[in-house]
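Taking it in order: structure first as structure tokens, then the write-up.
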Amino acid sequence: MSKILVTGGCGYIGSHTIVDLLQNGYDVISADNNSRSNPSILKGVEKITGKSIKNYHVDLCIFDDTHAIFQENPDIAGVIHFAAYKSVGESVSNPLMYFENNNNSLTNILRCCEEFNVSNFVFSSSCTVYGNPDETPVTEETALKQAESPYGSTKQMGEQIVQQTVNSNKIQSILLRYFNPVGAHPSIEIGEIPIGRPANLVPAITQTAIGKLPQMQVFGNDYPTRDGSCVRDFIHVSDIAHAHTLALNYLIEKKNKSNCEVFNLGTGNGYTVLEAIQTFEKVSGQKLNYIIAGRRSGDVIGIYANNEKAKKILGWIPKFNLDDMMKTAWEWELKLK
Ligand code: WQD
């Protein structure tokens, strides 16, 4: 059974990916300093899979502590690197914190992969690397424009760091560009646990609906889109999770054509913010209390994926639709109450 190190394993996408890896025969360890996550999520992973996960409570920006994980686990066959800060808005107000955390943790992990001959590396990237695309849907060949936020810049830099590191050694890598991950595992045993006031749309919707937030704001309805609000490609977190298992299988079975391949992970459908809210109201039966506010700096107007490459090469087929995403997100919020 191949052992996989999942960094950020207590996080939203990390925990869902651990479930999928375990259910597909992998052995998993996590590294997460819980600065932006809650270790209790691994109890939910255990409830779903029956397996308990060891989490190394380590700040990956500290090389010696990161190195110690690999020393203790010389049989790590692959790494999935999620650990990073990821709020577009926060990165605008605190850019250096983002550059330091996201880049230093990545270079430490890559240095350890080199030293310990870990040859399979999956990097958690993001559609924010495209910036404001001139046309949609975007493919993996769409030119990357200026990132709209320091968060997006750290993902562009991260991709460059991976691409230029793997060229000079034996690491085989895949960059996965997520669109907007939302929803919760169908078992409702794990889901998103925002720290503080949620920056992302769907937890803001569910926390407003349940009364944790008095009202939510729609950041702009004067964009050049069909209803004036931004367009996003919402993708269920469990579909994102399964793509990581398929990406690892692809690398471990040495099916990759080059030592750094890129895949878009989106449904291929763009929905506006207001359409997402309407879908939530439909599946939850809750009327949402929101107002139209000004635009949020760092937002791109509209983006959604051409996902044909992941479908064709990884055999990835997204299973959940927007109704499922909103339904599981709402059921998870109700459970957190
Ligand atoms: C979506 C839309 C907001 C909150 C996210 C992740 C990022 C990356 C890409 C994975 C925007 C609007 C939001 C609110 C609102 N994913 N909104 N009111 O900025 O697209 O980025 O997906 O790596 O990590 O953060 O997601 O959910 O913050 O915003 O109107 O209270 O919803 O303006 O148009 P974003 P988001």
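Residues are named by chain letter and number: chains run A, B, ... in the order of the structure tokens, numbers start at 1 in each chain, and ligands are numbered from 1 in the order shown.
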Give me, as a Markdown table, the closest atom pair and its distance (Å, one decimal) for every residue of chain A within a cut-off of 7 Å of ligand 1, counting only C-alpha atoms and all ligand atoms, rows sorted by chain and rising number.
```
| residue | atom | partner | partner_atom_place_in_ligand_line | distance |
| --- | --- | --- | --- | --- |
| A:Lys86 | CA | ligand 1 | 24 (O) | 4.6 |
| A:Ser87 | CA | ligand 1 | 25 (O) | 4.9 |
| A:Val88 | CA | ligand 1 | 25 (O) | 5.5 |
| A:Ser125 | CA | ligand 1 | 23 (O) | 6.1 |
| A:Ser126 | CA | ligand 1 | 23 (O) | 4.2 |
| A:Cys127 | CA | ligand 1 | 9 (C) | 5.9 |
| A:Thr128 | CA | ligand 1 | 9 (C) | 5.7 |
| A:Tyr178 | CA | ligand 1 | 10 (C) | 5.1 |
| A:Phe179 | CA | ligand 1 | 9 (C) | 5.3 |
| A:Asn180 | CA | ligand 1 | 22 (O) | 4.2 |
| A:Pro181 | CA | ligand 1 | 16 (N) | 6.3 |
| A:Ala199 | CA | ligand 1 | 28 (O) | 5.2 |
| A:Asn200 | CA | ligand 1 | 27 (O) | 3.2 |
| A:Leu201 | CA | ligand 1 | 4 (C) | 3.6 |
| A:Val202 | CA | ligand 1 | 27 (O) | 6.3 |
| A:Ala204 | CA | ligand 1 | 31 (O) | 5.2 |
| A:Met216 | CA | ligand 1 | 31 (O) | 5.7 |
| A:Gln217 | CA | ligand 1 | 18 (N) | 5.0 |
| A:Val218 | CA | ligand 1 | 30 (O) | 3.4 |
| A:Phe219 | CA | ligand 1 | 30 (O) | 4.0 |
| A:Gly220 | CA | ligand 1 | 30 (O) | 6.8 |
| A:Ser229 | CA | ligand 1 | 34 (O) | 6.9 |
| A:Cys230 | CA | ligand 1 | 34 (O) | 4.5 |
| A:Val231 | CA | ligand 1 | 34 (O) | 6.7 |
| A:Arg232 | CA | ligand 1 | 20 (O) | 6.4 |
| A:Val273 | CA | ligand 1 | 32 (O) | 5.6 |
| A:Arg295 | CA | ligand 1 | 33 (O) | 6.7 |
| A:Arg296 | CA | ligand 1 | 33 (O) | 5.6 |
| A:Asp299 | CA | ligand 1 | 19 (O) | 5.7 |
```
Residues of the last selection are to be written out with N, CA, C and O atoms, as an mmCIF file, in the first residue's frame.
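File produced: out.cif:
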```
data_model
loop_
_atom_site.group_PDB
_atom_site.id
_atom_site.type_symbol
_atom_site.label_atom_id
_atom_site.label_comp_id
_atom_site.auth_asym_id
_atom_site.auth_seq_id
_atom_site.Cartn_x
_atom_site.Cartn_y
_atom_site.Cartn_z
ATOM 1 N N LYS A 86 -5.369 30.719 1.624
ATOM 2 C CA LYS A 86 -6.074 30.727 0.332
ATOM 3 C C LYS A 86 -7.205 31.748 0.209
ATOM 4 O O LYS A 86 -8.069 31.632 -0.651
ATOM 5 N N SER A 87 -7.164 32.782 1.038
ATOM 6 C CA SER A 87 -8.243 33.762 0.905
ATOM 7 C C SER A 87 -7.809 34.917 -0.002
ATOM 8 O O SER A 87 -6.820 35.616 0.303
ATOM 9 N N VAL A 88 -8.562 35.095 -1.089
ATOM 10 C CA VAL A 88 -8.235 36.172 -2.038
ATOM 11 C C VAL A 88 -8.223 37.509 -1.306
ATOM 12 O O VAL A 88 -7.249 38.277 -1.389
ATOM 13 N N SER A 125 -3.060 23.756 -7.101
ATOM 14 C CA SER A 125 -3.063 25.076 -7.711
ATOM 15 C C SER A 125 -4.508 25.568 -7.841
ATOM 16 O O SER A 125 -5.404 25.042 -7.207
ATOM 17 N N SER A 126 -4.687 26.598 -8.650
ATOM 18 C CA SER A 126 -5.990 27.271 -8.617
ATOM 19 C C SER A 126 -6.261 27.991 -9.920
ATOM 20 O O SER A 126 -5.328 28.436 -10.600
ATOM 21 N N CYS A 127 -7.524 28.137 -10.230
ATOM 22 C CA CYS A 127 -7.899 28.878 -11.447
ATOM 23 C C CYS A 127 -7.532 30.356 -11.317
ATOM 24 O O CYS A 127 -7.537 31.093 -12.314
ATOM 25 N N THR A 128 -7.167 30.763 -10.114
ATOM 26 C CA THR A 128 -6.764 32.176 -9.968
ATOM 27 C C THR A 128 -5.490 32.464 -10.753
ATOM 28 O O THR A 128 -5.156 33.611 -11.002
ATOM 29 N N TYR A 178 -7.798 24.069 -9.305
ATOM 30 C CA TYR A 178 -9.189 23.961 -8.861
ATOM 31 C C TYR A 178 -9.951 25.219 -9.260
ATOM 32 O O TYR A 178 -9.392 26.319 -9.168
ATOM 33 N N PHE A 179 -11.205 25.050 -9.583
ATOM 34 C CA PHE A 179 -12.049 26.222 -9.767
ATOM 35 C C PHE A 179 -12.644 26.525 -8.387
ATOM 36 O O PHE A 179 -11.839 26.697 -7.438
ATOM 37 N N ASN A 180 -13.942 26.552 -8.192
ATOM 38 C CA ASN A 180 -14.398 26.920 -6.850
ATOM 39 C C ASN A 180 -14.926 25.718 -6.071
ATOM 40 O O ASN A 180 -16.081 25.331 -6.249
ATOM 41 N N PRO A 181 -14.107 25.154 -5.192
ATOM 42 C CA PRO A 181 -14.543 23.966 -4.452
ATOM 43 C C PRO A 181 -15.629 24.326 -3.442
ATOM 44 O O PRO A 181 -15.451 25.257 -2.638
ATOM 45 N N ALA A 199 -14.748 33.995 4.059
ATOM 46 C CA ALA A 199 -14.472 34.858 2.902
ATOM 47 C C ALA A 199 -15.166 34.290 1.669
ATOM 48 O O ALA A 199 -15.581 35.015 0.774
ATOM 49 N N ASN A 200 -15.327 32.946 1.645
ATOM 50 C CA ASN A 200 -15.853 32.318 0.431
ATOM 51 C C ASN A 200 -17.381 32.371 0.392
ATOM 52 O O ASN A 200 -18.056 32.392 1.417
ATOM 53 N N LEU A 201 -17.890 32.330 -0.838
ATOM 54 C CA LEU A 201 -19.327 32.538 -1.057
ATOM 55 C C LEU A 201 -20.207 31.531 -0.344
ATOM 56 O O LEU A 201 -21.120 31.900 0.404
ATOM 57 N N VAL A 202 -19.953 30.228 -0.545
ATOM 58 C CA VAL A 202 -20.929 29.243 -0.064
ATOM 59 C C VAL A 202 -20.994 29.171 1.457
ATOM 60 O O VAL A 202 -22.098 29.189 2.022
ATOM 61 N N ALA A 204 -20.467 31.625 3.378
ATOM 62 C CA ALA A 204 -21.152 32.880 3.742
ATOM 63 C C ALA A 204 -22.659 32.705 3.560
ATOM 64 O O ALA A 204 -23.468 33.146 4.398
ATOM 65 N N MET A 216 -25.712 38.702 4.311
ATOM 66 C CA MET A 216 -24.481 38.624 3.512
ATOM 67 C C MET A 216 -24.512 39.651 2.387
ATOM 68 O O MET A 216 -25.568 40.219 2.067
ATOM 69 N N GLN A 217 -23.329 39.914 1.845
ATOM 70 C CA GLN A 217 -23.218 40.915 0.787
ATOM 71 C C GLN A 217 -22.874 40.199 -0.522
ATOM 72 O O GLN A 217 -22.060 39.271 -0.536
ATOM 73 N N VAL A 218 -23.524 40.632 -1.585
ATOM 74 C CA VAL A 218 -23.110 40.194 -2.924
ATOM 75 C C VAL A 218 -22.191 41.295 -3.448
ATOM 76 O O VAL A 218 -22.597 42.454 -3.579
ATOM 77 N N PHE A 219 -20.917 40.901 -3.691
ATOM 78 C CA PHE A 219 -19.918 41.934 -4.024
ATOM 79 C C PHE A 219 -20.015 42.332 -5.495
ATOM 80 O O PHE A 219 -19.234 41.924 -6.326
ATOM 81 N N GLY A 220 -21.021 43.123 -5.799
ATOM 82 C CA GLY A 220 -21.114 43.713 -7.132
ATOM 83 C C GLY A 220 -22.144 43.037 -8.020
ATOM 84 O O GLY A 220 -22.180 41.813 -8.130
ATOM 85 N N SER A 229 -23.626 39.812 -11.738
ATOM 86 C CA SER A 229 -22.738 39.299 -10.673
ATOM 87 C C SER A 229 -21.681 38.387 -11.303
ATOM 88 O O SER A 229 -21.839 37.930 -12.440
ATOM 89 N N CYS A 230 -20.598 38.143 -10.558
ATOM 90 C CA CYS A 230 -19.455 37.385 -11.099
ATOM 91 C C CYS A 230 -19.852 35.957 -11.476
ATOM 92 O O CYS A 230 -20.790 35.399 -10.901
ATOM 93 N N VAL A 231 -19.118 35.396 -12.403
ATOM 94 C CA VAL A 231 -19.345 34.013 -12.840
ATOM 95 C C VAL A 231 -18.217 33.125 -12.313
ATOM 96 O O VAL A 231 -17.041 33.473 -12.409
ATOM 97 N N ARG A 232 -18.628 31.979 -11.735
ATOM 98 C CA ARG A 232 -17.637 31.045 -11.222
ATOM 99 C C ARG A 232 -17.999 29.622 -11.630
ATOM 100 O O ARG A 232 -19.181 29.343 -11.904
ATOM 101 N N VAL A 273 -23.023 34.451 -9.224
ATOM 102 C CA VAL A 273 -23.205 34.461 -7.767
ATOM 103 C C VAL A 273 -24.705 34.456 -7.438
ATOM 104 O O VAL A 273 -25.163 33.688 -6.582
ATOM 105 N N ARG A 295 -18.020 46.139 -5.471
ATOM 106 C CA ARG A 295 -17.129 45.069 -5.916
ATOM 107 C C ARG A 295 -16.035 44.802 -4.880
ATOM 108 O O ARG A 295 -15.635 45.702 -4.158
ATOM 109 N N ARG A 296 -15.523 43.565 -4.823
ATOM 110 C CA ARG A 296 -14.426 43.203 -3.907
ATOM 111 C C ARG A 296 -13.120 43.228 -4.692
ATOM 112 O O ARG A 296 -13.025 42.605 -5.755
ATOM 113 N N ASP A 299 -11.248 40.307 -7.181
ATOM 114 C CA ASP A 299 -12.166 39.386 -7.869
ATOM 115 C C ASP A 299 -11.968 39.430 -9.382
ATOM 116 O O ASP A 299 -11.816 40.515 -9.951
#
```
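Residues surrounding A:Gly158 within 8 Å are Asn102, Asn103, Leu106 and Ser125 of chain A [only C-alpha atoms; sequence separation below 5 positions excluded].
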Residues near A:Gln23, cut-off 10 Å, only C-alpha atoms, skip fewer than 3 positions along chain, as a list in words: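 After dropping sequence-adjacent residues, the list is Thr17, Ile18, Val19, Asp20, Tyr26, Asp27, Ile48, Thr49, Lys51, His242 and Thr245 of chain A.
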Please produce a file of the residues just selected, as a PDB file, in the first residue's frame, where the atoms kept are all heavy atoms.
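What landed in result-v4.pdb:
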```
ATOM      1  N   THR A  17      -9.775  14.701   0.389  1.00  0.00           N
ATOM      2  CA  THR A  17      -8.856  13.906  -0.438  1.00  0.00           C
ATOM      3  C   THR A  17      -8.340  12.702   0.337  1.00  0.00           C
ATOM      4  O   THR A  17      -8.222  11.597  -0.212  1.00  0.00           O
ATOM      5  CB  THR A  17      -7.691  14.788  -0.927  1.00  0.00           C
ATOM      6  OG1 THR A  17      -8.234  15.854  -1.723  1.00  0.00           O
ATOM      7  CG2 THR A  17      -6.677  13.994  -1.746  1.00  0.00           C
ATOM      8  N   ILE A  18      -8.083  12.882   1.628  1.00  0.00           N
ATOM      9  CA  ILE A  18      -7.639  11.747   2.455  1.00  0.00           C
ATOM     10  C   ILE A  18      -8.699  10.649   2.436  1.00  0.00           C
ATOM     11  O   ILE A  18      -8.389   9.465   2.256  1.00  0.00           O
ATOM     12  CB  ILE A  18      -7.336  12.201   3.903  1.00  0.00           C
ATOM     13  CG1 ILE A  18      -6.058  13.044   3.940  1.00  0.00           C
ATOM     14  CG2 ILE A  18      -7.197  10.987   4.830  1.00  0.00           C
ATOM     15  CD1 ILE A  18      -5.719  13.608   5.312  1.00  0.00           C
ATOM     16  N   VAL A  19      -9.971  11.018   2.548  1.00  0.00           N
ATOM     17  CA  VAL A  19     -11.050  10.013   2.486  1.00  0.00           C
ATOM     18  C   VAL A  19     -10.955   9.242   1.172  1.00  0.00           C
ATOM     19  O   VAL A  19     -10.970   8.003   1.146  1.00  0.00           O
ATOM     20  CB  VAL A  19     -12.433  10.686   2.626  1.00  0.00           C
ATOM     21  CG1 VAL A  19     -13.564   9.730   2.235  1.00  0.00           C
ATOM     22  CG2 VAL A  19     -12.632  11.195   4.045  1.00  0.00           C
ATOM     23  N   ASP A  20     -10.805   9.972   0.073  1.00  0.00           N
ATOM     24  CA  ASP A  20     -10.798   9.306  -1.239  1.00  0.00           C
ATOM     25  C   ASP A  20      -9.565   8.419  -1.404  1.00  0.00           C
ATOM     26  O   ASP A  20      -9.652   7.300  -1.917  1.00  0.00           O
ATOM     27  CB  ASP A  20     -10.836  10.360  -2.348  1.00  0.00           C
ATOM     28  CG  ASP A  20     -11.331   9.771  -3.660  1.00  0.00           C
ATOM     29  OD1 ASP A  20     -12.552   9.775  -3.881  1.00  0.00           O
ATOM     30  OD2 ASP A  20     -10.481   9.272  -4.422  1.00  0.00           O
ATOM     31  N   TYR A  26      -4.876   3.610  -0.606  1.00  0.00           N
ATOM     32  CA  TYR A  26      -3.616   4.247  -0.192  1.00  0.00           C
ATOM     33  C   TYR A  26      -3.523   4.305   1.336  1.00  0.00           C
ATOM     34  O   TYR A  26      -4.537   4.300   2.030  1.00  0.00           O
ATOM     35  CB  TYR A  26      -3.530   5.673  -0.746  1.00  0.00           C
ATOM     36  CG  TYR A  26      -3.193   5.730  -2.225  1.00  0.00           C
ATOM     37  CD1 TYR A  26      -4.187   5.919  -3.185  1.00  0.00           C
ATOM     38  CD2 TYR A  26      -1.875   5.592  -2.680  1.00  0.00           C
ATOM     39  CE1 TYR A  26      -3.886   5.971  -4.551  1.00  0.00           C
ATOM     40  CE2 TYR A  26      -1.570   5.648  -4.032  1.00  0.00           C
ATOM     41  CZ  TYR A  26      -2.576   5.834  -4.958  1.00  0.00           C
ATOM     42  OH  TYR A  26      -2.269   5.880  -6.304  1.00  0.00           O
ATOM     43  N   ASP A  27      -2.278   4.374   1.808  1.00  0.00           N
ATOM     44  CA  ASP A  27      -1.999   4.646   3.217  1.00  0.00           C
ATOM     45  C   ASP A  27      -1.681   6.142   3.290  1.00  0.00           C
ATOM     46  O   ASP A  27      -1.043   6.691   2.376  1.00  0.00           O
ATOM     47  CB  ASP A  27      -0.776   3.804   3.637  1.00  0.00           C
ATOM     48  CG  ASP A  27      -0.443   3.970   5.110  1.00  0.00           C
ATOM     49  OD1 ASP A  27      -1.326   4.438   5.868  1.00  0.00           O
ATOM     50  OD2 ASP A  27       0.704   3.668   5.478  1.00  0.00           O
ATOM     51  N   ILE A  48     -15.905   8.001   8.514  1.00  0.00           N
ATOM     52  CA  ILE A  48     -16.254   7.577   7.141  1.00  0.00           C
ATOM     53  C   ILE A  48     -15.469   6.336   6.724  1.00  0.00           C
ATOM     54  O   ILE A  48     -16.009   5.405   6.132  1.00  0.00           O
ATOM     55  CB  ILE A  48     -15.959   8.717   6.128  1.00  0.00           C
ATOM     56  CG1 ILE A  48     -16.789   9.967   6.465  1.00  0.00           C
ATOM     57  CG2 ILE A  48     -16.257   8.271   4.696  1.00  0.00           C
ATOM     58  CD1 ILE A  48     -16.341  11.215   5.701  1.00  0.00           C
ATOM     59  N   THR A  49     -14.165   6.317   7.084  1.00  0.00           N
ATOM     60  CA  THR A  49     -13.291   5.262   6.527  1.00  0.00           C
ATOM     61  C   THR A  49     -12.947   4.162   7.521  1.00  0.00           C
ATOM     62  O   THR A  49     -12.409   3.130   7.137  1.00  0.00           O
ATOM     63  CB  THR A  49     -11.955   5.888   6.069  1.00  0.00           C
ATOM     64  OG1 THR A  49     -11.282   6.430   7.232  1.00  0.00           O
ATOM     65  CG2 THR A  49     -12.181   6.986   5.040  1.00  0.00           C
ATOM     66  N   LYS A  51     -10.589   4.440   9.522  1.00  0.00           N
ATOM     67  CA  LYS A  51      -9.131   4.495   9.712  1.00  0.00           C
ATOM     68  C   LYS A  51      -8.738   5.809  10.401  1.00  0.00           C
ATOM     69  O   LYS A  51      -9.247   6.876  10.054  1.00  0.00           O
ATOM     70  CB  LYS A  51      -8.410   4.410   8.359  1.00  0.00           C
ATOM     71  CG  LYS A  51      -8.639   3.050   7.682  1.00  0.00           C
ATOM     72  CD  LYS A  51      -7.979   2.965   6.326  1.00  0.00           C
ATOM     73  CE  LYS A  51      -8.288   1.602   5.687  1.00  0.00           C
ATOM     74  NZ  LYS A  51      -8.042   1.628   4.240  1.00  0.00           N
ATOM     75  N   HIS A 242     -11.399  13.255  -5.599  1.00  0.00           N
ATOM     76  CA  HIS A 242     -11.160  12.046  -6.407  1.00  0.00           C
ATOM     77  C   HIS A 242     -10.144  12.300  -7.522  1.00  0.00           C
ATOM     78  O   HIS A 242      -9.363  11.408  -7.883  1.00  0.00           O
ATOM     79  CB  HIS A 242     -12.466  11.504  -6.994  1.00  0.00           C
ATOM     80  CG  HIS A 242     -12.293  10.164  -7.643  1.00  0.00           C
ATOM     81  ND1 HIS A 242     -11.733   9.081  -6.966  1.00  0.00           N
ATOM     82  CD2 HIS A 242     -12.531   9.729  -8.919  1.00  0.00           C
ATOM     83  CE1 HIS A 242     -11.662   8.043  -7.799  1.00  0.00           C
ATOM     84  NE2 HIS A 242     -12.137   8.407  -8.973  1.00  0.00           N
ATOM     85  N   THR A 245      -6.671  11.407  -6.360  1.00  0.00           N
ATOM     86  CA  THR A 245      -6.388   9.963  -6.382  1.00  0.00           C
ATOM     87  C   THR A 245      -6.040   9.532  -7.810  1.00  0.00           C
ATOM     88  O   THR A 245      -5.051   8.825  -8.037  1.00  0.00           O
ATOM     89  CB  THR A 245      -7.613   9.179  -5.865  1.00  0.00           C
ATOM     90  OG1 THR A 245      -7.912   9.601  -4.532  1.00  0.00           O
ATOM     91  CG2 THR A 245      -7.360   7.676  -5.885  1.00  0.00           C
TER      92      THR A 245
END
```
Within 9 Å of A:Lys170 using only C-alpha atoms, minus same-chain residues under 6 positions, as a PyMOL selection string: chain A and resi 114+117-120+259
Stretch 13-201 of chain A: residues DSSP assigns to strand (DSSP E), reported as a PyMOL selection string: chain A and resi 27-31+54-56+76-81+120-126+172-178+180-182
Mind writing the picked residues with N, CA and C atoms as a PDB file, in the first residue's frame?
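The result, stored in again.pdb:
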```
ATOM      1  N   ASP A  27      -2.278   4.374   1.808  1.00  0.00           N
ATOM      2  CA  ASP A  27      -1.999   4.646   3.217  1.00  0.00           C
ATOM      3  C   ASP A  27      -1.681   6.142   3.290  1.00  0.00           C
ATOM      4  N   VAL A  28      -2.148   6.833   4.334  1.00  0.00           N
ATOM      5  CA  VAL A  28      -2.023   8.298   4.342  1.00  0.00           C
ATOM      6  C   VAL A  28      -1.515   8.814   5.691  1.00  0.00           C
ATOM      7  N   ILE A  29      -0.611   9.806   5.624  1.00  0.00           N
ATOM      8  CA  ILE A  29      -0.276  10.604   6.809  1.00  0.00           C
ATOM      9  C   ILE A  29      -0.511  12.068   6.440  1.00  0.00           C
ATOM     10  N   SER A  30      -0.755  12.883   7.461  1.00  0.00           N
ATOM     11  CA  SER A  30      -1.054  14.300   7.226  1.00  0.00           C
ATOM     12  C   SER A  30       0.003  15.158   7.925  1.00  0.00           C
ATOM     13  N   ALA A  31       0.234  16.343   7.368  1.00  0.00           N
ATOM     14  CA  ALA A  31       1.057  17.355   8.046  1.00  0.00           C
ATOM     15  C   ALA A  31       0.278  18.661   8.005  1.00  0.00           C
ATOM     16  N   LYS A  54      -2.609   9.763  11.223  1.00  0.00           N
ATOM     17  CA  LYS A  54      -1.614  10.490  12.016  1.00  0.00           C
ATOM     18  C   LYS A  54      -1.375  11.846  11.377  1.00  0.00           C
ATOM     19  N   ASN A  55      -1.542  12.909  12.177  1.00  0.00           N
ATOM     20  CA  ASN A  55      -1.235  14.253  11.683  1.00  0.00           C
ATOM     21  C   ASN A  55       0.019  14.771  12.378  1.00  0.00           C
ATOM     22  N   TYR A  56       1.001  15.186  11.599  1.00  0.00           N
ATOM     23  CA  TYR A  56       2.213  15.836  12.140  1.00  0.00           C
ATOM     24  C   TYR A  56       1.897  17.317  12.273  1.00  0.00           C
ATOM     25  N   ILE A  76       7.511   7.150   2.145  1.00  0.00           N
ATOM     26  CA  ILE A  76       6.540   8.035   1.457  1.00  0.00           C
ATOM     27  C   ILE A  76       6.710   7.874  -0.055  1.00  0.00           C
ATOM     28  N   ALA A  77       5.623   7.470  -0.722  1.00  0.00           N
ATOM     29  CA  ALA A  77       5.681   7.247  -2.180  1.00  0.00           C
ATOM     30  C   ALA A  77       5.240   8.483  -2.958  1.00  0.00           C
ATOM     31  N   GLY A  78       4.536   9.387  -2.283  1.00  0.00           N
ATOM     32  CA  GLY A  78       4.051  10.576  -2.992  1.00  0.00           C
ATOM     33  C   GLY A  78       3.609  11.644  -2.012  1.00  0.00           C
ATOM     34  N   VAL A  79       3.559  12.864  -2.491  1.00  0.00           N
ATOM     35  CA  VAL A  79       3.117  14.006  -1.689  1.00  0.00           C
ATOM     36  C   VAL A  79       2.020  14.747  -2.438  1.00  0.00           C
ATOM     37  N   ILE A  80       0.949  15.077  -1.707  1.00  0.00           N
ATOM     38  CA  ILE A  80      -0.042  16.027  -2.242  1.00  0.00           C
ATOM     39  C   ILE A  80       0.066  17.274  -1.371  1.00  0.00           C
ATOM     40  N   HIS A  81       0.441  18.392  -1.969  1.00  0.00           N
ATOM     41  CA  HIS A  81       0.731  19.600  -1.192  1.00  0.00           C
ATOM     42  C   HIS A  81      -0.416  20.605  -1.260  1.00  0.00           C
ATOM     43  N   ASN A 120       6.749  11.327  -6.711  1.00  0.00           N
ATOM     44  CA  ASN A 120       5.401  11.671  -7.190  1.00  0.00           C
ATOM     45  C   ASN A 120       4.862  12.856  -6.388  1.00  0.00           C
ATOM     46  N   PHE A 121       4.591  13.965  -7.093  1.00  0.00           N
ATOM     47  CA  PHE A 121       4.236  15.210  -6.393  1.00  0.00           C
ATOM     48  C   PHE A 121       3.031  15.856  -7.067  1.00  0.00           C
ATOM     49  N   VAL A 122       1.974  16.078  -6.265  1.00  0.00           N
ATOM     50  CA  VAL A 122       0.771  16.742  -6.799  1.00  0.00           C
ATOM     51  C   VAL A 122       0.636  18.087  -6.090  1.00  0.00           C
ATOM     52  N   PHE A 123       0.555  19.157  -6.880  1.00  0.00           N
ATOM     53  CA  PHE A 123       0.489  20.513  -6.317  1.00  0.00           C
ATOM     54  C   PHE A 123      -0.915  21.078  -6.430  1.00  0.00           C
ATOM     55  N   SER A 124      -1.396  21.614  -5.317  1.00  0.00           N
ATOM     56  CA  SER A 124      -2.721  22.233  -5.251  1.00  0.00           C
ATOM     57  C   SER A 124      -2.654  23.639  -5.841  1.00  0.00           C
ATOM     58  N   SER A 125      -3.060  23.756  -7.101  1.00  0.00           N
ATOM     59  CA  SER A 125      -3.063  25.076  -7.711  1.00  0.00           C
ATOM     60  C   SER A 125      -4.508  25.568  -7.841  1.00  0.00           C
ATOM     61  N   SER A 126      -4.687  26.598  -8.650  1.00  0.00           N
ATOM     62  CA  SER A 126      -5.990  27.271  -8.617  1.00  0.00           C
ATOM     63  C   SER A 126      -6.261  27.991  -9.920  1.00  0.00           C
ATOM     64  N   GLN A 172       8.339  13.547 -10.533  1.00  0.00           N
ATOM     65  CA  GLN A 172       7.271  13.644 -11.546  1.00  0.00           C
ATOM     66  C   GLN A 172       6.108  14.387 -10.893  1.00  0.00           C
ATOM     67  N   SER A 173       5.561  15.424 -11.569  1.00  0.00           N
ATOM     68  CA  SER A 173       4.571  16.256 -10.871  1.00  0.00           C
ATOM     69  C   SER A 173       3.337  16.526 -11.715  1.00  0.00           C
ATOM     70  N   ILE A 174       2.262  16.861 -10.986  1.00  0.00           N
ATOM     71  CA  ILE A 174       1.007  17.293 -11.614  1.00  0.00           C
ATOM     72  C   ILE A 174       0.523  18.537 -10.883  1.00  0.00           C
ATOM     73  N   LEU A 175       0.098  19.525 -11.656  1.00  0.00           N
ATOM     74  CA  LEU A 175      -0.495  20.749 -11.088  1.00  0.00           C
ATOM     75  C   LEU A 175      -2.007  20.657 -11.304  1.00  0.00           C
ATOM     76  N   LEU A 176      -2.765  20.713 -10.227  1.00  0.00           N
ATOM     77  CA  LEU A 176      -4.229  20.655 -10.349  1.00  0.00           C
ATOM     78  C   LEU A 176      -4.802  22.045 -10.087  1.00  0.00           C
ATOM     79  N   ARG A 177      -5.446  22.624 -11.095  1.00  0.00           N
ATOM     80  CA  ARG A 177      -6.023  23.979 -10.975  1.00  0.00           C
ATOM     81  C   ARG A 177      -7.504  23.851 -10.630  1.00  0.00           C
ATOM     82  N   TYR A 178      -7.798  24.069  -9.305  1.00  0.00           N
ATOM     83  CA  TYR A 178      -9.189  23.961  -8.861  1.00  0.00           C
ATOM     84  C   TYR A 178      -9.951  25.219  -9.260  1.00  0.00           C
ATOM     85  N   ASN A 180     -13.942  26.552  -8.192  1.00  0.00           N
ATOM     86  CA  ASN A 180     -14.398  26.920  -6.850  1.00  0.00           C
ATOM     87  C   ASN A 180     -14.926  25.718  -6.071  1.00  0.00           C
ATOM     88  N   PRO A 181     -14.107  25.154  -5.192  1.00  0.00           N
ATOM     89  CA  PRO A 181     -14.543  23.966  -4.452  1.00  0.00           C
ATOM     90  C   PRO A 181     -15.629  24.326  -3.442  1.00  0.00           C
ATOM     91  N   VAL A 182     -16.744  23.603  -3.474  1.00  0.00           N
ATOM     92  CA  VAL A 182     -17.840  23.878  -2.526  1.00  0.00           C
ATOM     93  C   VAL A 182     -18.513  22.566  -2.123  1.00  0.00           C
TER      94      VAL A 182
END
```
Proximity to A:Gly285 - best of A:Ile195, A:Val129, A:His244, A:Ala209, only C-alpha atoms: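 Nearest to A:Gly285: A:Ala209.
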Secondary structure check, alpha helix (DSSP H) residues of stretch 116-265 of chain A, as a ChimeraX atom specification: /A:150-166,201-210,237-252
Selection near stretch 313-327 of chain A, 8 Å with only C-alpha atoms, sequence-local residues under 2 positions removed, as a list in words: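 The contact residues come out as Val182, Gly183, Ala184, Val202, Phe234, Ile235, His236, Asp239, His242, Ala243, Leu246, Ala247, Tyr250, Thr267, Ala276, Thr279, Phe280, Val283, Ser284, Lys309, Ala310, Lys311, Ala329, Trp330 and Glu331 of chain A.
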Contacts of A:His16 within 9 Å, only C-alpha atoms, excl. fewer than 6 positions in-chain, as a PyMOL selection string: chain A and resi 9+45+184-185+190-191+237-238+240-242
